[in-house]
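Listing of protein-v2.pdb; format and content: PDB, C-alpha atoms and all ligand atoms.
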```
ATOM      1  CA  MET A1004     -11.681   1.507  34.703
ATOM      2  CA  VAL A1005     -11.785  -1.041  31.885
ATOM      3  CA  SER A1006      -8.550  -3.003  31.707
ATOM      4  CA  LEU A1007      -7.458  -5.100  28.718
ATOM      5  CA  LEU A1008      -4.772  -7.681  28.119
ATOM      6  CA  VAL A1009      -3.145  -7.342  24.690
ATOM      7  CA  LEU A1010      -1.594 -10.711  23.940
ATOM      8  CA  ASN A1011       0.747 -11.547  21.063
ATOM      9  CA  GLY A1012       1.944 -15.006  20.141
ATOM     10  CA  PRO A1013       4.995 -16.462  18.399
ATOM     11  CA  ASN A1014       7.183 -14.484  16.006
ATOM     12  CA  LEU A1015       5.256 -11.249  16.543
ATOM     13  CA  ASN A1016       8.282  -9.920  18.466
ATOM     14  CA  LEU A1017       9.927  -9.783  15.019
ATOM     15  CA  LEU A1018       7.396  -7.361  13.522
ATOM     16  CA  GLY A1019       9.135  -4.713  11.460
ATOM     17  CA  LYS A1020      11.864  -7.179  10.419
ATOM     18  CA  ARG A1021       9.712 -10.230   9.659
ATOM     19  CA  GLU A1022       8.306 -10.433   6.083
ATOM     20  CA  PRO A1023       7.558  -6.678   5.926
ATOM     21  CA  GLY A1024       5.656  -7.198   2.655
ATOM     22  CA  VAL A1025       3.118  -9.269   4.623
ATOM     23  CA  TYR A1026       3.240  -7.745   8.120
ATOM     24  CA  GLY A1027       4.339  -4.132   7.495
ATOM     25  CA  SER A1028       7.265  -2.111   8.803
ATOM     26  CA  GLU A1029       5.945  -1.164  12.251
ATOM     27  CA  THR A1030       7.628  -2.870  15.193
ATOM     28  CA  LEU A1031       5.676  -4.430  18.064
ATOM     29  CA  ASP A1032       6.912  -1.594  20.317
ATOM     30  CA  ASP A1033       5.469   0.973  17.851
ATOM     31  CA  ILE A1034       2.122  -0.836  17.895
ATOM     32  CA  ILE A1035       2.009  -1.130  21.694
ATOM     33  CA  LEU A1036       2.867   2.556  22.117
ATOM     34  CA  ARG A1037      -0.033   3.412  19.817
ATOM     35  CA  LEU A1038      -2.422   1.098  21.693
ATOM     36  CA  GLN A1039      -1.416   2.633  25.018
ATOM     37  CA  GLY A1040      -2.421   6.032  23.569
ATOM     38  CA  VAL A1041      -5.745   4.615  22.370
ATOM     39  CA  THR A1042      -6.590   2.987  25.724
ATOM     40  CA  ARG A1043      -5.681   6.248  27.522
ATOM     41  CA  GLU A1044      -7.935   8.198  25.137
ATOM     42  CA  LEU A1045     -10.770   5.759  25.941
ATOM     43  CA  GLY A1046     -10.219   6.081  29.702
ATOM     44  CA  ALA A1047      -9.102   2.447  29.833
ATOM     45  CA  GLN A1048      -5.811   0.728  30.610
ATOM     46  CA  MET A1049      -3.900  -2.204  29.145
ATOM     47  CA  GLU A1050      -1.158  -4.698  29.822
ATOM     48  CA  HIS A1051       0.862  -6.263  26.998
ATOM     49  CA  VAL A1052       2.364  -9.744  26.909
ATOM     50  CA  GLN A1053       4.189 -11.308  23.958
ATOM     51  CA  SER A1054       5.547 -14.832  24.045
ATOM     52  CA  ASN A1055       6.843 -17.427  21.638
ATOM     53  CA  HIS A1056       5.771 -20.165  24.081
ATOM     54  CA  GLU A1057       2.305 -21.669  24.210
ATOM     55  CA  GLY A1058       2.420 -22.316  27.978
ATOM     56  CA  VAL A1059       3.338 -18.696  28.745
ATOM     57  CA  LEU A1060       0.367 -17.534  26.658
ATOM     58  CA  ILE A1061      -1.915 -19.984  28.506
ATOM     59  CA  ASP A1062      -0.636 -18.690  31.873
ATOM     60  CA  ALA A1063      -1.227 -15.088  30.756
ATOM     61  CA  ILE A1064      -4.836 -15.959  29.815
ATOM     62  CA  HIS A1065      -5.405 -17.655  33.197
ATOM     63  CA  GLN A1066      -3.881 -14.706  35.071
ATOM     64  CA  ALA A1067      -6.070 -12.229  33.158
ATOM     65  CA  LYS A1068      -9.142 -13.511  35.008
ATOM     66  CA  GLY A1069     -10.057 -11.062  37.758
ATOM     67  CA  VAL A1070      -7.488  -8.510  36.545
ATOM     68  CA  HIS A1071      -8.616  -7.655  33.002
ATOM     69  CA  GLN A1072     -12.108  -7.614  31.466
ATOM     70  CA  GLY A1073     -11.126  -8.671  27.956
ATOM     71  CA  ILE A1074      -8.284  -9.816  25.707
ATOM     72  CA  VAL A1075      -7.086  -8.634  22.292
ATOM     73  CA  PHE A1076      -5.215 -11.649  20.994
ATOM     74  CA  ASN A1077      -3.049 -12.327  17.972
ATOM     75  CA  PRO A1078      -2.118 -15.993  18.519
ATOM     76  CA  GLY A1079       0.164 -16.104  15.443
ATOM     77  CA  ALA A1080       0.484 -19.612  13.994
ATOM     78  CA  PHE A1081      -1.064 -21.100  17.177
ATOM     79  CA  THR A1082      -4.353 -19.771  15.761
ATOM     80  CA  HIS A1083      -4.498 -22.667  13.391
ATOM     81  CA  TYR A1084      -3.915 -25.597  15.763
ATOM     82  CA  SER A1085      -3.677 -24.763  19.481
ATOM     83  CA  TYR A1086      -6.589 -26.466  21.203
ATOM     84  CA  ALA A1087      -4.833 -25.635  24.486
ATOM     85  CA  LEU A1088      -5.129 -21.886  23.851
ATOM     86  CA  ARG A1089      -8.725 -22.314  22.780
ATOM     87  CA  ASP A1090      -9.492 -24.228  26.002
ATOM     88  CA  ALA A1091      -7.743 -21.554  28.102
ATOM     89  CA  ILE A1092      -9.996 -18.880  26.588
ATOM     90  CA  ALA A1093     -13.084 -21.004  27.168
ATOM     91  CA  ALA A1094     -11.963 -21.647  30.764
ATOM     92  CA  VAL A1095     -11.654 -17.980  31.778
ATOM     93  CA  SER A1096     -14.758 -16.886  29.849
ATOM     94  CA  LEU A1097     -13.379 -13.407  29.121
ATOM     95  CA  PRO A1098     -14.330 -11.732  25.833
ATOM     96  CA  VAL A1099     -11.531 -12.150  23.287
ATOM     97  CA  ILE A1100     -11.106 -10.369  19.957
ATOM     98  CA  GLU A1101      -8.781 -12.280  17.636
ATOM     99  CA  VAL A1102      -6.541 -10.100  15.469
ATOM    100  CA  HIS A1103      -4.526 -10.971  12.370
ATOM    101  CA  ILE A1104      -2.388  -8.372  10.678
ATOM    102  CA  SER A1105      -2.447 -10.168   7.334
ATOM    103  CA  ASN A1106      -5.502 -11.410   5.459
ATOM    104  CA  VAL A1107      -5.112 -15.044   6.454
ATOM    105  CA  HIS A1108      -7.925 -16.032   4.058
ATOM    106  CA  ALA A1109      -5.914 -14.836   1.055
ATOM    107  CA  ARG A1110      -2.862 -16.881   2.099
ATOM    108  CA  GLU A1111      -1.967 -20.590   2.371
ATOM    109  CA  PRO A1112      -4.925 -22.932   3.059
ATOM    110  CA  PHE A1113      -3.567 -23.910   6.517
ATOM    111  CA  ARG A1114      -4.103 -20.273   7.610
ATOM    112  CA  HIS A1115      -7.789 -20.263   6.627
ATOM    113  CA  HIS A1116      -8.915 -22.133   9.730
ATOM    114  CA  SER A1117      -8.857 -20.729  13.263
ATOM    115  CA  VAL A1118      -9.442 -22.987  16.262
ATOM    116  CA  ILE A1119      -9.660 -19.807  18.377
ATOM    117  CA  ALA A1120     -12.523 -18.170  16.433
ATOM    118  CA  PRO A1121     -15.346 -20.259  17.986
ATOM    119  CA  VAL A1122     -14.434 -18.992  21.472
ATOM    120  CA  ALA A1123     -13.743 -15.381  20.394
ATOM    121  CA  VAL A1124     -16.416 -12.692  20.276
ATOM    122  CA  GLY A1125     -15.049 -11.569  16.905
ATOM    123  CA  GLN A1126     -12.096 -11.403  14.536
ATOM    124  CA  ILE A1127     -10.319  -8.521  12.810
ATOM    125  CA  VAL A1128      -8.306  -9.771   9.873
ATOM    126  CA  GLY A1129      -6.208  -8.222   7.132
ATOM    127  CA  LEU A1130      -6.259  -4.556   8.193
ATOM    128  CA  GLY A1131      -2.570  -4.457   9.059
ATOM    129  CA  SER A1132      -1.456  -3.300  12.486
ATOM    130  CA  ASP A1133      -4.484  -0.937  12.601
ATOM    131  CA  GLY A1134      -6.518  -4.066  13.349
ATOM    132  CA  TYR A1135      -5.208  -4.003  16.922
ATOM    133  CA  GLU A1136      -6.579  -0.479  17.384
ATOM    134  CA  TRP A1137     -10.018  -1.427  16.030
ATOM    135  CA  ALA A1138     -10.014  -4.455  18.314
ATOM    136  CA  VAL A1139      -9.182  -2.346  21.390
ATOM    137  CA  ARG A1140     -11.923   0.167  20.532
ATOM    138  CA  ALA A1141     -14.507  -2.567  19.894
ATOM    139  CA  LEU A1142     -13.632  -4.489  23.054
ATOM    140  CA  VAL A1143     -13.711  -1.432  25.353
ATOM    141  CA  ARG A1144     -17.116  -0.500  23.906
ATOM    142  CA  LYS A1145     -18.410  -4.040  24.360
ATOM    143  CA  ILE A1146     -17.236  -4.252  27.984
ATOM    144  CA  GLU A1147     -18.696  -0.811  28.805
ATOM    145  CA  GLN A1148     -22.037  -1.882  27.289
ATOM    146  CA  GLN A1149     -21.974  -5.077  29.364
ATOM    147  CA  ASN A1150     -21.123  -3.118  32.514
ATOM    148  CA  ARG A1151     -24.126  -0.819  31.910
ATOM    149  CA  SER A1152     -26.631  -3.643  31.374
TER     150      SER A1152
HETATM  151  C1  LIG B   1      -0.781 -13.828  11.833
HETATM  152  C2  LIG B   1      -1.199 -14.860  10.779
HETATM  153  C3  LIG B   1      -0.699 -16.245  11.141
HETATM  154  O1  LIG B   1      -1.087 -17.185  10.144
HETATM  155  C4  LIG B   1       0.808 -16.244  11.232
HETATM  156  O2  LIG B   1       1.276 -17.510  11.618
HETATM  157  C5  LIG B   1       1.331 -15.176  12.122
HETATM  158  C6  LIG B   1       0.722 -13.856  12.073
HETATM  159  C7  LIG B   1      -1.154 -12.394  11.415
HETATM  160  O3  LIG B   1      -1.137 -11.522  12.293
HETATM  161  O4  LIG B   1      -1.439 -12.128  10.254
HETATM  162  O5  LIG B   1       2.302 -15.373  12.845
HETATM  163  O6  LIG B   1      -1.449 -14.115  13.052
END
```
Could you spell out this file's structure in structure tokens?
Ligand code: DQA
Amino acid sequence: MVSLLVLNGPNLNLLGKREPGVYGSETLDDIILRLQGVTRELGAQMEHVQSNHEGVLIDAIHQAKGVHQGIVFNPGAFTHYSYALRDAIAAVSLPVIEVHISNVHAREPFRHHSVIAPVAVGQIVGLGSDGYEWAVRALVRKIEQQNRS
């Protein structure tokens, strides 16, 4: 059975309360409940980790190796400057889909650059919390295709 890690970085625990005009009114719990339904529907399973601490996110990426086959990752503001997270992804060589709820390219210039993108298989940006669902669907399909070949 395909198993995914859904990983959320800093401040995403505040979804629903945090800048709802930018990030919507759904809470992280609402989103995770929905993703659990989607993974079930796809015959897959998932684990969710959210942390405001870079080291905890790095540990979660390391621990995913051998347990999960891919990672759906919203690194929050770490996206724009965490070489340590980028190196962790490169080290485990698991497929990662980077998700951003907001359209980072339509926001402040510092949000336009991702240091994670070069080590991700793809990005889903600006589709609101639905982006997580599209990322889960795309990643499960990708892993199943790899397992068949
Ligand atoms: C975000 C975009 C980041 O720039 C920001 O720091 C976040 C959330 C998003 O999901 O749109 O915390 O990753």
*Determine, counting only C-alpha atoms, which protein, DNA and RNA residues have an atom within 7 Å of an atom of range 1071-1084 of chain A; residues of the same chain fewer than 6 positions away are not included. Present the result as a count of residues only.*
24
_Straight-line distance linking CA of Ser1096 in chain A with CA of Lys1145 in chain A, stated in Å to one decimal_ =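 Separation between CA of Ser1096 in chain A and CA of Lys1145 in chain A: 14.4 Å.
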*So how far away is CA of Ser1105 in chain A from CA of Gln1066 in chain A, in Å?*
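Distance reported for this atom pair: 28.1 Å.
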*Let me know the residues the PyMOL selection byres (((chain A and resi 1034) around 12) and not hetatm) catches in the file above, as an MDAnalysis selection string.*
chainID A and resid 1009 1011 1015:1016 1018:1019 1027:1033 1035:1041 1051 1104 1131:1136 1139
Just write the chosen residues, C-alpha atoms, as a CSV table (one decimal), in the frame of the given file.
```csv
chain,number,residue,atom,x,y,z
A,1009,VAL,CA,-3.1,-7.3,24.7
A,1011,ASN,CA,0.7,-11.5,21.1
A,1015,LEU,CA,5.3,-11.2,16.5
A,1016,ASN,CA,8.3,-9.9,18.5
A,1018,LEU,CA,7.4,-7.4,13.5
A,1019,GLY,CA,9.1,-4.7,11.5
A,1027,GLY,CA,4.3,-4.1,7.5
A,1028,SER,CA,7.3,-2.1,8.8
A,1029,GLU,CA,5.9,-1.2,12.3
A,1030,THR,CA,7.6,-2.9,15.2
A,1031,LEU,CA,5.7,-4.4,18.1
A,1032,ASP,CA,6.9,-1.6,20.3
A,1033,ASP,CA,5.5,1.0,17.9
A,1035,ILE,CA,2.0,-1.1,21.7
A,1036,LEU,CA,2.9,2.6,22.1
A,1037,ARG,CA,0.0,3.4,19.8
A,1038,LEU,CA,-2.4,1.1,21.7
A,1039,GLN,CA,-1.4,2.6,25.0
A,1040,GLY,CA,-2.4,6.0,23.6
A,1041,VAL,CA,-5.7,4.6,22.4
A,1051,HIS,CA,0.9,-6.3,27.0
A,1104,ILE,CA,-2.4,-8.4,10.7
A,1131,GLY,CA,-2.6,-4.5,9.1
A,1132,SER,CA,-1.5,-3.3,12.5
A,1133,ASP,CA,-4.5,-0.9,12.6
A,1134,GLY,CA,-6.5,-4.1,13.3
A,1135,TYR,CA,-5.2,-4.0,16.9
A,1136,GLU,CA,-6.6,-0.5,17.4
A,1139,VAL,CA,-9.2,-2.3,21.4
```
*Would you work out the distance separating CA of Glu1022 in chain A from CA of Val1124 in chain A, expressed in Å to one decimal?*
28.6 Å
*Could you list the residues chosen by the PyMOL selection byres (((chain A and resi 1061) around 12) and not hetatm) in this structure as a ChimeraX atom specification?*
/A:1010-1012,1052-1060,1062-1068,1076,1078,1081,1085-1095
I'd like the box whose edges run along x, y and z of the file and which contains every listed atom of ligand LIG 1 (chain B), padded by 8 Å per side; could you state its centre and edge lengths in Å, one decimal, as JSON?
```
{"center_x": 0.4, "center_y": -14.5, "center_z": 11.6, "size_x": 19.8, "size_y": 22.0, "size_z": 18.9}
```
*Which residue gives the smallest distance to ligand LIG 1 (chain B) among A:Met1004, A:Ala1047, A:Ala1120, A:Val1025, with only C-alpha atoms and all ligand atoms counted?*
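Nearest candidate to ligand LIG 1 (chain B) out of A:Met1004, A:Ala1047, A:Ala1120, A:Val1025: A:Val1025.
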*Quick one: of A:Gln1048, A:Thr1042, A:Gln1148, A:Asn1014, who's nearest to ligand LIG 1 (chain B), counting only C-alpha atoms and all ligand atoms?*
A:Asn1014
*asked:* What would the selection look like, as a ChimeraX atom specification, if the PyMOL selection byres (((chain A and resi 1106) around 6) and not hetatm) were run on the coordinates I just shared?
replied: /A:1105,1107-1109,1128-1129
Because some atoms of range 1044-1077 of chain A are absent here, can you restore N, CA and C atoms and send them as a compact mmCIF listing (two decimals), in the coordinates of the input?
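Saved the output as selection.txt:
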```txt
# COMPACT_ATOMS: atom_id res chain seq x y z
N GLU A 1044 -6.88 7.34 25.73
CA GLU A 1044 -7.94 8.20 25.14
C GLU A 1044 -9.32 7.68 25.53
N LEU A 1045 -9.47 6.36 25.63
CA LEU A 1045 -10.77 5.76 25.94
C LEU A 1045 -11.02 5.69 27.46
N GLY A 1046 -10.09 6.16 28.24
CA GLY A 1046 -10.22 6.08 29.70
C GLY A 1046 -10.05 4.67 30.21
N ALA A 1047 -9.33 3.85 29.45
CA ALA A 1047 -9.10 2.45 29.83
C ALA A 1047 -7.61 2.26 30.10
N GLN A 1048 -7.24 1.04 30.45
CA GLN A 1048 -5.81 0.73 30.61
C GLN A 1048 -5.52 -0.65 30.02
N MET A 1049 -4.25 -0.92 29.76
CA MET A 1049 -3.90 -2.20 29.14
C MET A 1049 -2.56 -2.72 29.67
N GLU A 1050 -2.44 -4.03 29.57
CA GLU A 1050 -1.16 -4.70 29.82
C GLU A 1050 -0.81 -5.43 28.54
N HIS A 1051 0.47 -5.51 28.20
CA HIS A 1051 0.86 -6.26 27.00
C HIS A 1051 1.77 -7.42 27.35
N VAL A 1052 1.48 -8.58 26.77
CA VAL A 1052 2.36 -9.74 26.91
C VAL A 1052 2.60 -10.32 25.52
N GLN A 1053 3.86 -10.57 25.18
CA GLN A 1053 4.19 -11.31 23.96
C GLN A 1053 5.02 -12.50 24.37
N SER A 1054 4.71 -13.67 23.78
CA SER A 1054 5.55 -14.83 24.04
C SER A 1054 5.57 -15.75 22.83
N ASN A 1055 6.71 -16.41 22.69
CA ASN A 1055 6.84 -17.43 21.64
C ASN A 1055 6.47 -18.81 22.15
N HIS A 1056 6.02 -18.88 23.42
CA HIS A 1056 5.77 -20.16 24.08
C HIS A 1056 4.30 -20.32 24.43
N GLU A 1057 3.74 -21.42 24.01
CA GLU A 1057 2.31 -21.67 24.21
C GLU A 1057 1.91 -21.62 25.69
N GLY A 1058 2.74 -22.26 26.55
CA GLY A 1058 2.42 -22.32 27.98
C GLY A 1058 2.40 -20.93 28.62
N VAL A 1059 3.30 -20.06 28.19
CA VAL A 1059 3.34 -18.70 28.74
C VAL A 1059 2.07 -17.95 28.34
N LEU A 1060 1.61 -18.18 27.12
CA LEU A 1060 0.37 -17.53 26.66
C LEU A 1060 -0.83 -18.07 27.46
N ILE A 1061 -0.83 -19.37 27.71
CA ILE A 1061 -1.92 -19.98 28.51
C ILE A 1061 -1.91 -19.38 29.91
N ASP A 1062 -0.72 -19.29 30.53
CA ASP A 1062 -0.64 -18.69 31.87
C ASP A 1062 -1.14 -17.25 31.86
N ALA A 1063 -0.79 -16.50 30.83
CA ALA A 1063 -1.23 -15.09 30.76
C ALA A 1063 -2.75 -15.01 30.66
N ILE A 1064 -3.36 -15.93 29.92
CA ILE A 1064 -4.84 -15.96 29.82
C ILE A 1064 -5.44 -16.29 31.18
N HIS A 1065 -4.88 -17.30 31.86
CA HIS A 1065 -5.40 -17.66 33.20
C HIS A 1065 -5.29 -16.47 34.15
N GLN A 1066 -4.13 -15.80 34.12
CA GLN A 1066 -3.88 -14.71 35.07
C GLN A 1066 -4.71 -13.47 34.76
N ALA A 1067 -5.25 -13.40 33.53
CA ALA A 1067 -6.07 -12.23 33.16
C ALA A 1067 -7.39 -12.22 33.92
N LYS A 1068 -7.86 -13.40 34.30
CA LYS A 1068 -9.14 -13.51 35.01
C LYS A 1068 -9.08 -12.73 36.32
N GLY A 1069 -10.03 -11.84 36.52
CA GLY A 1069 -10.06 -11.06 37.76
C GLY A 1069 -9.20 -9.81 37.72
N VAL A 1070 -8.37 -9.68 36.68
CA VAL A 1070 -7.49 -8.51 36.54
C VAL A 1070 -7.93 -7.65 35.36
N HIS A 1071 -8.19 -8.33 34.23
CA HIS A 1071 -8.62 -7.66 33.00
C HIS A 1071 -10.04 -8.09 32.65
N GLN A 1072 -10.72 -7.26 31.85
CA GLN A 1072 -12.11 -7.61 31.47
C GLN A 1072 -12.21 -8.16 30.04
N GLY A 1073 -11.10 -8.14 29.32
CA GLY A 1073 -11.13 -8.67 27.96
C GLY A 1073 -9.72 -8.80 27.41
N ILE A 1074 -9.61 -9.53 26.29
CA ILE A 1074 -8.28 -9.82 25.71
C ILE A 1074 -8.31 -9.55 24.20
N VAL A 1075 -7.34 -8.79 23.74
CA VAL A 1075 -7.09 -8.63 22.29
C VAL A 1075 -5.93 -9.58 21.99
N PHE A 1076 -6.17 -10.54 21.12
CA PHE A 1076 -5.22 -11.65 20.99
C PHE A 1076 -4.86 -11.93 19.54
N ASN A 1077 -3.57 -11.81 19.24
CA ASN A 1077 -3.05 -12.33 17.97
C ASN A 1077 -2.24 -13.58 18.31
```
